[in-house]
Amino acid sequence: MRKILLGTTAAVGAALLAPMAAEAQEAPTVRVGGYFRAYYGYTQQNGQAPTNVSMGGLSGGPNDSNAQLGNTFASARNGHNDFSTDAEVHVFVNGKTANGLTYGAVIEIEFDSSEGTVRSDARRAFSRKTGAAIDEMYAFIASPTLGQIRFGDEDGPFGGLMNVGWVSNFGTGGAYGDFESFIVRPTRTGTTPGSVGDNTKIIYLSPQFFGFDFGLSYAANEGEGEDTGCLNSFASLNCDRVYAATGIAGNGRSHDQPGRMNEIQWAARWRGSVAGVGLAVGASGMFSQVVRDISATGVITRNLRNPELYQVGAQATYMGFTVGGGYMWGNTNYYYIPTLRGDKDMSMFFGGASYTAGPFTVGANFYSGQYAGTAFTPANANGQRRWAYSIGATYRLAPGLDLLAEFVRQEMKEPGVSALIPTGNLAPGSSGDVRDRGKASVFLTGIRLAF
Amino acid sequence: MKPFFLAACAALPLLAACGDNVRGVQNDEYGDWRGSSPRQRSLGATGSGLVVFGVDKEREAREAAAATGGAGLAVNAYLWRATLDTLSFMPLASADPFGGTIITDWYTPPGAQNERFRAQAYVMGRQLRSDGVRVQVFRQVNERGQWVDSPVSPATNSEFEDKVLARARELRSQSAQR
């Protein structure tokens, strides 16, 4: 009996520990990776020749003899040709414990912390366009049978980690790619998973089970990095932990201001192959609370809607062909900005196809969405429509080294809202010339090296 | 819906712990919404980047794989090849590249019809080392129609091993010149 008992215990122990017992502890390694890319771009965009319109003065600070404070009326013209470079340096720490857990940290350093600036060193008061900043940084602990936990500044399951249907394996990513580097706002960006941001969160990612896996994340707010985000020694709109602020209906609806609190993202996907066709289907979503409004006398009300978003997508791959697409909907505006009650809901389709033969990949993709727009008024009851399409190609010269070319067209329109595009030929103070449609085309070609 | 979802979430890791259809999802399987983006494809993330601190396990594995001549062998390719070459004058009974064992069938030399030999060779490990191979030779003699075991001089085994090592060295230097 004792023998049987011991045998059973040993068998159970072996069964429980078997996947881990064979592992050997590995000291952590530190790796450096990243990418560099350089493109030539030919850009056509409307609204790039404003005459005599109000522009932000170029205040160079006390050291700038040309300082102009405040808005002044001015004219400017943008040309078509430009080069654009970008790089990121990533640090990867990876280790393994004796019982089979893997752990590590990822720190990604990017060099595009400022979108607009003058040439570096020209005016010291301006931030450099190539200033370094941290993109993502997080630590993870992973078990092959229990999944992994990530903690830090990282995309969530809905905001980039587990989305399905975004075909972007050609060029720079087509309509979701780097054409943005050549375009001036407001036609600059699309509402992609990456626009959700990488606010500090804790993420659980499950193991794969019969092809199925899921992820969940929680973020306290939209803040990332260290410190509180407060610009003053008292609470203000900029603070990470702000839950009520005066005038939030205006300020909280900017992409640069906090709006979400207690954000939960989830995603589930199935990946497998049926009759030789690689398939992936997935659904994901995000719920959060929203920063409320507080009057000067301290009365708190909620005038923005709690963001609630869903996304479904599917993708199929066969003999080098990839086809994918999906649909996203919810009550936020473009860039997932919270909306007012009564605003138009978001409704957005995306899709694409690509074909890979040896080192060549060609592809095309698009998105098309309707959003609440810049302001819900009777004039733009239809909200804003924004769409883009792209075709592109990649030639892989060597592992990690790509030559690429692509064309992207992006448009937006918001009937009756002239504030979108800088108007031209206006007398100061006039509001006659309504330009409610933004259009941009970019052809870009260049080189990208991942290391 | 919500309770079901929560239950599924709670149950999955438990189910996951006891099935063959479970595997850990690798870090490079996330973030594919913009799959072409180099930041998702950084070579450092997938193990071939530059190691600045620590032991490069991937590189060790790569070099070991190169030394074994590919994924099919679990033992040193030079020793394995050399052992096969050395014992090739005898008929082969079995060869297991994963266990590293080579067993020959009985072989009767043309000049001595009343004795026969067979050999067992063990290739041990992935390193090309002088103690990486063991050869054991068995001998039988025919006594009035019956094969009976007969001792082999201890030097025979080590002579075989020396021949294997010499051949392995030859193969190694040949491949190095290429």
# chains A, B, ... in the order shown; residues from 1 in each chain; ligands from 1
>>> interface_residues(of="chain A", to="chain B", cutoff="6 Å", atoms="only C-alpha atoms", output="short mmCIF file (atom, residue, chain, number, x, y, z; two decimals) with N, CA and C atoms, in the first residue's frame")
data_model
loop_
_atom_site.label_atom_id
_atom_site.label_comp_id
_atom_site.auth_asym_id
_atom_site.auth_seq_id
_atom_site.Cartn_x
_atom_site.Cartn_y
_atom_site.Cartn_z
N THR A 29 19.75 37.56 -20.26
CA THR A 29 20.55 38.19 -21.31
C THR A 29 19.97 39.57 -21.58
N VAL A 30 20.80 40.46 -22.02
CA VAL A 30 20.37 41.79 -22.42
C VAL A 30 20.68 41.95 -23.90
N ARG A 31 19.65 42.16 -24.69
CA ARG A 31 19.85 42.32 -26.12
C ARG A 31 19.49 43.72 -26.55
N VAL A 32 20.10 44.15 -27.63
CA VAL A 32 19.73 45.42 -28.23
C VAL A 32 19.19 45.15 -29.63
N GLY A 33 18.05 45.72 -29.94
CA GLY A 33 17.48 45.60 -31.27
C GLY A 33 16.90 46.93 -31.66
N GLY A 34 16.09 46.92 -32.70
CA GLY A 34 15.44 48.15 -33.11
C GLY A 34 15.36 48.28 -34.61
N PRO A 144 4.61 28.72 -19.65
CA PRO A 144 4.05 28.10 -20.86
C PRO A 144 2.63 27.57 -20.66
N THR A 145 2.26 27.28 -19.42
CA THR A 145 0.92 26.72 -19.20
C THR A 145 -0.05 27.71 -18.57
N LEU A 146 0.45 28.78 -17.95
CA LEU A 146 -0.47 29.69 -17.27
C LEU A 146 -0.58 31.05 -17.95
N GLY A 160 -3.63 46.95 -29.87
CA GLY A 160 -2.47 46.58 -30.66
C GLY A 160 -1.93 45.18 -30.48
N LEU A 161 -2.15 44.57 -29.31
CA LEU A 161 -1.51 43.28 -29.07
C LEU A 161 -2.17 42.13 -29.82
N MET A 162 -3.50 42.12 -29.87
CA MET A 162 -4.17 40.90 -30.34
C MET A 162 -5.22 41.18 -31.41
N ASN A 163 -5.08 42.28 -32.15
CA ASN A 163 -6.07 42.60 -33.17
C ASN A 163 -5.92 41.68 -34.38
N TRP A 166 -6.00 43.33 -39.63
CA TRP A 166 -5.28 44.49 -40.15
C TRP A 166 -4.13 43.97 -41.01
N SER A 168 -1.10 44.40 -43.03
CA SER A 168 -0.15 45.51 -43.14
C SER A 168 1.28 45.02 -43.35
N ASN A 169 1.43 43.86 -43.98
CA ASN A 169 2.76 43.26 -44.12
C ASN A 169 3.45 43.67 -45.41
N GLY A 173 3.19 49.53 -44.20
CA GLY A 173 1.94 49.23 -43.52
C GLY A 173 0.75 49.87 -44.23
N PRO A 207 -2.38 31.38 -22.25
CA PRO A 207 -1.74 30.47 -23.20
C PRO A 207 -2.73 30.12 -24.31
N GLN A 208 -2.22 29.47 -25.33
CA GLN A 208 -3.12 29.09 -26.42
C GLN A 208 -3.72 27.72 -26.10
N PHE A 209 -5.02 27.63 -26.27
CA PHE A 209 -5.74 26.43 -25.89
C PHE A 209 -6.63 26.03 -27.06
N PHE A 210 -6.28 24.94 -27.75
CA PHE A 210 -6.99 24.54 -28.98
C PHE A 210 -7.07 25.71 -29.97
N ALA A 450 15.79 46.49 -39.90
CA ALA A 450 15.48 46.06 -38.53
C ALA A 450 16.68 45.28 -38.01
N PHE A 451 17.08 45.54 -36.78
CA PHE A 451 18.25 44.84 -36.26
C PHE A 451 17.99 44.32 -34.87
#
>>> residues_around(residues="Glu110 of chain A", least_positions_apart="6", cutoff="10 Å", atoms="only C-alpha atoms", output="JSON, numbers by chain")
{"A": [34, 35, 86, 87, 88, 89, 90, 130, 131, 132, 133, 134, 135, 136], "B": [39]}
>>> write_last_selection(atoms="C-alpha atoms", output="mmCIF file, in the first residue's frame")
data_model
loop_
_atom_site.group_PDB
_atom_site.id
_atom_site.type_symbol
_atom_site.label_atom_id
_atom_site.label_comp_id
_atom_site.auth_asym_id
_atom_site.auth_seq_id
_atom_site.Cartn_x
_atom_site.Cartn_y
_atom_site.Cartn_z
ATOM 1 C CA GLY A 34 15.438 48.154 -33.106
ATOM 2 C CA TYR A 35 15.207 49.665 -36.530
ATOM 3 C CA ASP A 86 13.329 57.545 -37.954
ATOM 4 C CA ALA A 87 14.837 54.973 -35.654
ATOM 5 C CA GLU A 88 14.072 53.121 -32.480
ATOM 6 C CA VAL A 89 16.434 51.317 -30.169
ATOM 7 C CA HIS A 90 14.973 48.487 -28.149
ATOM 8 C CA THR A 130 14.624 63.885 -32.945
ATOM 9 C CA GLY A 131 14.425 64.108 -29.175
ATOM 10 C CA ALA A 132 14.498 60.730 -27.465
ATOM 11 C CA ALA A 133 11.510 59.427 -25.580
ATOM 12 C CA ILE A 134 10.298 56.096 -24.305
ATOM 13 C CA ASP A 135 7.720 54.360 -26.433
ATOM 14 C CA GLU A 136 7.025 51.198 -24.484
ATOM 15 C CA ARG B 39 9.243 47.750 -34.225
#
>>> residues_around(residues="Gln148 of chain A", least_positions_apart="3", cutoff="7 Å", atoms="only C-alpha atoms", output="JSON, numbers by chain")
{"A": [140, 141, 142, 143, 204, 205, 206]}
>>> write_last_selection(atoms="C-alpha atoms", output="PDB file, in the first residue's frame")
ATOM      1  CA  PHE A 140       6.791  40.372 -18.049  1.00  0.00           C
ATOM      2  CA  ILE A 141       6.606  37.000 -16.370  1.00  0.00           C
ATOM      3  CA  ALA A 142       5.437  34.100 -18.517  1.00  0.00           C
ATOM      4  CA  SER A 143       4.631  30.462 -17.939  1.00  0.00           C
ATOM      5  CA  TYR A 204      -2.803  39.130 -18.634  1.00  0.00           C
ATOM      6  CA  LEU A 205      -2.285  37.073 -21.794  1.00  0.00           C
ATOM      7  CA  SER A 206      -3.508  33.495 -21.733  1.00  0.00           C
TER       8      SER A 206
END
>>> residues_around(residues="Asp198 of chain A", least_positions_apart="2", cutoff="8 Å", atoms="only C-alpha atoms", output="ChimeraX atom specification")
/A:135-136,153-156,159,196,200-201,224
>>> write_last_selection(atoms="N, CA and C atoms", output="mmCIF file, in the first residue's frame")
data_model
loop_
_atom_site.group_PDB
_atom_site.id
_atom_site.type_symbol
_atom_site.label_atom_id
_atom_site.label_comp_id
_atom_site.auth_asym_id
_atom_site.auth_seq_id
_atom_site.Cartn_x
_atom_site.Cartn_y
_atom_site.Cartn_z
ATOM 1 N N ASP A 135 8.960 54.794 -25.820
ATOM 2 C CA ASP A 135 7.720 54.360 -26.433
ATOM 3 C C ASP A 135 7.030 53.370 -25.493
ATOM 4 N N GLU A 136 7.588 52.188 -25.389
ATOM 5 C CA GLU A 136 7.025 51.198 -24.484
ATOM 6 C C GLU A 136 8.079 50.737 -23.500
ATOM 7 N N ASP A 153 4.216 50.297 -19.420
ATOM 8 C CA ASP A 153 3.671 51.080 -20.530
ATOM 9 C C ASP A 153 3.674 50.197 -21.762
ATOM 10 N N GLU A 154 2.521 49.696 -22.148
ATOM 11 C CA GLU A 154 2.460 48.738 -23.235
ATOM 12 C C GLU A 154 1.080 48.802 -23.864
ATOM 13 N N ASP A 155 1.001 48.432 -25.141
ATOM 14 C CA ASP A 155 -0.295 48.350 -25.798
ATOM 15 C C ASP A 155 -1.151 47.306 -25.092
ATOM 16 N N GLY A 156 -2.455 47.507 -25.121
ATOM 17 C CA GLY A 156 -3.352 46.538 -24.527
ATOM 18 C C GLY A 156 -3.802 45.512 -25.555
ATOM 19 N N GLY A 159 -5.684 47.435 -27.969
ATOM 20 C CA GLY A 159 -4.920 48.534 -28.548
ATOM 21 C C GLY A 159 -3.638 48.110 -29.220
ATOM 22 N N VAL A 196 -4.773 53.931 -29.536
ATOM 23 C CA VAL A 196 -5.306 53.789 -28.175
ATOM 24 C C VAL A 196 -4.252 54.234 -27.163
ATOM 25 N N THR A 200 0.114 53.169 -18.870
ATOM 26 C CA THR A 200 0.588 52.148 -17.938
ATOM 27 C C THR A 200 -0.540 51.216 -17.561
ATOM 28 N N LYS A 201 -0.330 49.915 -17.755
ATOM 29 C CA LYS A 201 -1.397 48.965 -17.461
ATOM 30 C C LYS A 201 -0.819 47.644 -17.024
ATOM 31 N N GLU A 224 1.183 57.644 -18.592
ATOM 32 C CA GLU A 224 2.270 56.686 -18.749
ATOM 33 C C GLU A 224 3.525 57.273 -18.130
#
>>> residues_around(residues="segment 161-165 of chain B", least_positions_apart="3", cutoff="9 Å", atoms="only C-alpha atoms", output="number ranges by chain")
B: 78-87, 121, 128-135, 156-158, 168-170
